[in-house]
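Data first, discussion second: the structure below is written as C-alpha cells.
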Amino acid sequence: MATPYTPEVEERLRRDGAEVIARYPEARSAIMPLLHLVQSEDGFCSPRGIALVADLLNVTKAEVSAVATFYSQYRRHPNGEYNVGVCTNALCAVMGGDAIWEELTKYVGVGHDETTEDGKITLEQLECNAACDYAPVIMVNWEFFDNQTPASAKALVDDIRAGRDIHPTRGPVVAPTFKQNERVLAGFEDGHVDEGPAAGPASLAGLEIARERGWTAPKPEGE
C-alpha cells in the first residue's frame, strides 16, 4: 500500500489543486496540470497522487491513469532530479545527436528512461526537442542546451553530479530541478519567465528576411 501524504502536504496539494481547477470551466479539464502538480511533489505520477487527482476531480483512478500513461512527460516511476533528454530525431541525429547518445549512455551508465543510483540523472532519448535550428540539442528538465557535442554533454552531467548550477542556452539563467519545473508546468510561475533569450538569431533568421523584403502571409480567401 502506498504511503499516504502527510496531512500538511495533502492540505497544500489540495489547496493548489483547487487553484488549478478554478481555471477551467469543466473541472476534469484540469487533469493534466494536476498530474504535473503531483510530479512536483513526488517526482512521478505516484499511486497516491493519482488517487488525490481522482478525488479532486470526482473521477475514477482508472481515468486519471489513462491520461498519465498516454503522455510521455508523465512518469510512472520516480524520475531523477535532472531529466537529461538527448534528441536523436533526424536532424539532430545526423548533426551528432546519435554520437552524443551513444557516448552519454556509456558515460552515465544508464539507458533510456533509466535513472542513476544516486537519483540525480534520468536519461531520455527524445524524438524531437523542437529546436532543429540549434542541432544537436539536449534538454535538461525541458530547458535548452544548444549545439552540443559528446564532450559538452559529458561536462554537463559532470556539473549535475557535482551539484553545480547548470546554465541553459536560452530561458532561465540556472536550470531548475525536475520537480521545480513540474510546478511551473502545473501553472505556478517561478519568477524566471523573462530571464535569458527566448529565441536566438538562428530561430529568427527567416523572420528577419521576411521583414527586410516585405513578405507577409497570404490572407484567407474572401478577406
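Chain lettering (A, B, ...) mirrors the order of the C-alpha cells, residue numbering begins at 1 for each chain separately, and ligand numbering begins at 1 in order of display.
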
Open item on the list: With DSSP run on the backbone, what are the strand (DSSP E or B) residues within segment 16-127 of chain A? I'd like them as a PyMOL selection string.
Closed with: chain A and resi 82-87+114-115+121-126

Task: DSSP-assigned alpha helix (DSSP H) among segment 2-130 of chain A, expressed as an MDAnalysis selection string - done: chainID A and resid 7:21 31:42 47:57 61:68 90:92 98:108

Open item on the list: I want to know what sits within 12 Å of Gly206 of chain A, based on only C-alpha atoms, with residues of the same chain fewer than 5 positions away left out; could you give that as a list of chain:residue names?
Closed with: A:Asp133, A:Gly200, A:Pro201, A:Arg211, A:Glu212, A:Arg213, A:Trp215, A:Thr216

Keeping only C-alpha atoms, write the selected residues to a file as a CSV table (one decimal), in the first residue's frame.
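Output file out-v2.csv is given in full below:
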```csv
chain,number,residue,atom,x,y,z
A,133,ASP,CA,18.0,25.3,-35.7
A,200,GLY,CA,18.3,33.2,-30.8
A,201,PRO,CA,19.5,34.5,-34.2
A,211,ARG,CA,10.7,41.8,-42.7
A,212,GLU,CA,13.6,43.1,-44.9
A,213,ARG,CA,11.8,42.0,-48.1
A,215,TRP,CA,6.9,39.4,-47.2
A,216,THR,CA,3.6,38.7,-45.4
```

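Here atom CA of Ala151 of chain A and atom CA of Ser203 of chain A stand 24.5 Å from one another.
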
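When the distance limit is 12 Å and only C-alpha atoms are what count, the residues near Ser29 of chain A, minus those fewer than 4 positions from it on the same chain, are Val20, Ile21, Ala22, Arg23, Tyr24, Pro25, Pro33, Leu34, Leu35, Val53, Leu56, Leu57, Asn58, Val59, Val64 and Val67 of chain A.
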
Open item on the list: I'd like the neighbourhood of Glu103 of chain A as a VMD selection string, where a residue qualifies if any of its atoms comes within 9 Å (using only C-alpha atoms), though same-chain residues fewer than 5 positions away should be ignored.
Closed with: chain A and resid 98 108 150 to 151 153 to 154

Only N, CA, C and O atoms, please: the residues just picked out, written as a tab-separated table (two decimals), in the first residue's frame.
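Result file is selection-v6.tsv:
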```tsv
chain	number	residue	atom	x	y	z
A	98	ASP	N	23.14	11.21	-32.38
A	98	ASP	CA	23.35	9.77	-32.16
A	98	ASP	C	24.67	9.53	-31.43
A	98	ASP	O	24.75	8.69	-30.51
A	108	VAL	N	27.31	7.77	-18.36
A	108	VAL	CA	26.44	7.87	-17.19
A	108	VAL	C	26.12	6.48	-16.63
A	108	VAL	O	25.89	6.33	-15.43
A	150	PRO	N	29.58	15.47	-27.82
A	150	PRO	CA	29.77	14.47	-26.76
A	150	PRO	C	30.54	15.03	-25.56
A	150	PRO	O	30.19	14.74	-24.41
A	151	ALA	N	31.55	15.85	-25.82
A	151	ALA	CA	32.35	16.40	-24.73
A	151	ALA	C	31.54	17.37	-23.87
A	151	ALA	O	31.59	17.33	-22.63
A	153	ALA	N	28.31	17.42	-23.55
A	153	ALA	CA	27.25	16.67	-22.88
A	153	ALA	C	27.80	16.00	-21.62
A	153	ALA	O	27.15	15.99	-20.57
A	154	LYS	N	29.00	15.45	-21.71
A	154	LYS	CA	29.61	14.82	-20.54
A	154	LYS	C	29.96	15.86	-19.48
A	154	LYS	O	29.82	15.61	-18.27
```

Open item on the list: Can you pull out the residues contacting Gln73 of chain A? Cut-off 12 Å, using only C-alpha atoms, and skip same-chain residues under 3 positions away; I want them as an MDAnalysis selection string.
Closed with: chainID A and resid 32:33 35:36 39 43:45 67:70 76:77 79 83 85 113 124 126 141:142 178 181:182 185
